[in-house]
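The next block holds one structure in the form of structure tokens; read it before the comments.
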Amino acid sequence: MDFNKTRYIPMSKRRRIYEGKAKVLYEGPEPGTLIQHFKDDATAFNAQKHEVIDGKGVLNNRISEYIFTNLNNIGVPTHFIKRLNMREQLIREVEIIPLEVVVRNIAAGSLATRLGIEEGTTLPRSIIEFYYKNDALGDPMVSEEHITAFGWANPQEIDDIMALAIRVNDFMTGLFMGVGIRLVDFKIETGRLYEGETMRIVLADEISPDSCRLWDAKSNDKMDKDRFRKDMGGLVEAYTEVARRLGILMESENVVHTGPKLVV
Ligand code: UDP
């Protein structure tokens with residue numbers, strides 16, 4: 001299949017497959033593909049807090065593209081095929097495993113609260129946690145016992161998911177360390193990719209400052225969605241700085257106001 005010759009389907013004619021809090025999935029140009037569209041919506045606390053932040057979707061599209069491309073290049077299987085435009089990327093359709101997989105290197109957020117560990121404490125080793133993806137229940141934490149008993153994934157798949165999570169953590173820790181950013185924790189999602197008779201677990205969804213905690217190595221300034229959760233302001237500026245440090249955004253590029261322009 002030649003993904004460089006993607007058939008153009010006007011936005012209004014596309015079939016919407018799924019709309020989430022920050023992204024929309026549309027039917028793709030070829031069977032087995034989807035288009036993942038990044039919105040500017042920011043939500044937190046199970047969508048109780050909601051705002052539209054001009055430019056966030058564009059930044060997350062670019063940052064996630066960069067990370068997924070690098071992961072594909074080092075042999076970590078992902079759903080990502082290519083970026084199509086400012087807000088959209090072409091992806092492979094996968095069967096999403098209903099788990100949010102969190103990897104933690106430094107205590108923060110719910111771990112710091114739940115276990116009474118001071119935020120910023122380096123953990124004795126990286127820790128992987130599973131949450132059941134269910135908005136109505138507020139994504140409760142679950143163990144491998146729950147996952148296998150309820151059939152969300154089998155033991156082999158859990159092993160594959162954990163191996164994938166560790167590889168992503170190793171790669172991203174180094175990537176961000178190289179640009180003066182500490183990878184505190186992050187969330188990934190995985191899916192089953194069916195290719196003929198075979199099935200493999202691949203990385204899905206996105207990896208962006210919406211789904212990571214990123215702290216400036218020198219100042220410990222937050223460069224992630226905690227700026228929104230904690231009403232700190234400066235979210236687009238922080239995401240722009242992440243993109244700039246990774247070398248994926250030119251100094252002069254402005255991602256704000258990238259919607260249709262009114263021509264007068
Ligand atoms: N996270 C996420 N989506 C969620 C919950 C968490 O992307 O629905 C990310 C979050 O940005 C952080 C990591 O997973 O990088 C760990 O989050 P935590 O469990 O501390 O939850 P929070 O404090 O965000 O409620």
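Identifiers in the structure tokens: chain A, B, ... in order shown; residue index from 1 per chain; ligand index from 1 in order shown.
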
- Task: Kindly compile the residues surrounding ligand 1 within 8 Å, counting only C-alpha atoms and all ligand atoms, and format them as a PyMOL selection string.
- Result: chain A and resi 44-46+100-104+108-112+139+184-188+209-214+224-226

- Item | Contacts of range 191-198 of chain A within 12 Å, only C-alpha atoms, excl. fewer than 5 positions in-chain, as an MDAnalysis selection string | chainID A and resid 32:33 77:80 91:101 152:154 157:158 160:161 164 203:205

Using the selection just defined, write its residues with C-alpha atoms as a short mmCIF file (atom, residue, chain, number, x, y, z; two decimals), in the first residue's frame.
```cif
data_model
loop_
_atom_site.label_atom_id
_atom_site.label_comp_id
_atom_site.auth_asym_id
_atom_site.auth_seq_id
_atom_site.Cartn_x
_atom_site.Cartn_y
_atom_site.Cartn_z
CA GLY A 32 -7.44 -0.84 8.13
CA THR A 33 -6.49 2.82 8.47
CA PRO A 77 5.70 -1.32 16.96
CA THR A 78 3.13 1.52 16.85
CA HIS A 79 -0.11 2.37 15.05
CA PHE A 80 1.45 5.51 13.54
CA ILE A 91 -2.81 5.52 11.75
CA ARG A 92 -3.46 1.79 11.54
CA GLU A 93 -6.75 0.64 12.96
CA VAL A 94 -6.18 -1.48 16.06
CA GLU A 95 -8.39 -3.11 18.66
CA ILE A 96 -7.76 -0.92 21.68
CA ILE A 97 -7.01 -2.78 24.91
CA PRO A 98 -9.13 -1.01 27.56
CA LEU A 99 -6.20 -0.18 29.83
CA GLU A 100 -4.28 2.99 30.58
CA VAL A 101 -0.72 1.92 31.23
CA TRP A 152 -9.24 -7.47 29.01
CA ALA A 153 -5.85 -9.00 28.13
CA ASN A 154 -4.25 -12.42 28.61
CA GLU A 157 -0.41 -9.81 26.23
CA ILE A 158 0.28 -8.28 29.66
CA ASP A 160 4.05 -7.77 25.82
CA ILE A 161 2.42 -4.55 27.09
CA LEU A 164 6.57 -2.24 25.30
CA LEU A 203 1.54 1.28 20.86
CA ALA A 204 -1.59 3.32 20.06
CA ASP A 205 -3.21 6.68 20.93
#
```

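CA of Lys21 in chain A to CA of Thr43 in chain A spans 6.8 Å [interatomic distance, one decimal].
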
- Task: Can you pull out every residue within 7 Å of range 53-68 of chain A, counting only C-alpha atoms, but drop anything in the same chain fewer than 2 positions away, and send it as a list in words?
- Result: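 Contacts, with the query itself left out: Phe38, Lys39, Asp40, Asp41, Ala42, Glu51, Asn70, Leu71, Asn72, Thr78, Phe80, Arg83, Met86, Arg87, Glu88, Glu206, Ile207, Ser208, Val236, Tyr239, Thr240, Ala243, Val255, Val256 and His257 of chain A.
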
May I have the selected residues written with C-alpha atoms, as a tab-separated table (two decimals), in the first residue's frame?
```tsv
chain	number	residue	atom	x	y	z
A	38	PHE	CA	-6.09	16.43	17.52
A	39	LYS	CA	-8.52	18.96	19.01
A	40	ASP	CA	-7.67	21.95	21.19
A	41	ASP	CA	-9.86	20.70	24.04
A	42	ALA	CA	-8.25	20.15	27.42
A	51	GLU	CA	-11.29	24.40	28.27
A	70	ASN	CA	11.41	7.60	16.52
A	71	LEU	CA	9.85	4.58	18.23
A	72	ASN	CA	8.94	3.03	14.85
A	78	THR	CA	3.13	1.52	16.85
A	80	PHE	CA	1.45	5.51	13.54
A	83	ARG	CA	1.31	12.95	9.77
A	86	MET	CA	-1.34	20.36	11.16
A	87	ARG	CA	-3.92	18.45	13.17
A	88	GLU	CA	-4.15	14.99	11.69
A	206	GLU	CA	-0.71	9.53	21.46
A	207	ILE	CA	2.31	10.51	23.54
A	208	SER	CA	2.36	14.24	24.24
A	236	VAL	CA	0.82	26.48	25.03
A	239	TYR	CA	4.27	22.70	25.02
A	240	THR	CA	5.91	25.00	22.45
A	243	ALA	CA	8.59	21.04	20.76
A	255	VAL	CA	0.83	27.32	16.20
A	256	VAL	CA	-1.89	29.54	17.59
A	257	HIS	CA	-4.81	30.55	15.35
```

- Message: Using only C-alpha atoms, can you tell me which of A:Thr69, A:Ser143, A:Thr113, A:Asn105 comes closest to Thr173 in chain A?
- Response: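 Looking at the shortest contact to Thr173 in chain A, the residue is A:Asn105.
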
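Here the question is which of A:Thr190, A:Ser219, A:Asn73, A:Gln89 gets nearest to Gln36 in chain A using only C-alpha atoms, and that residue is A:Gln89.
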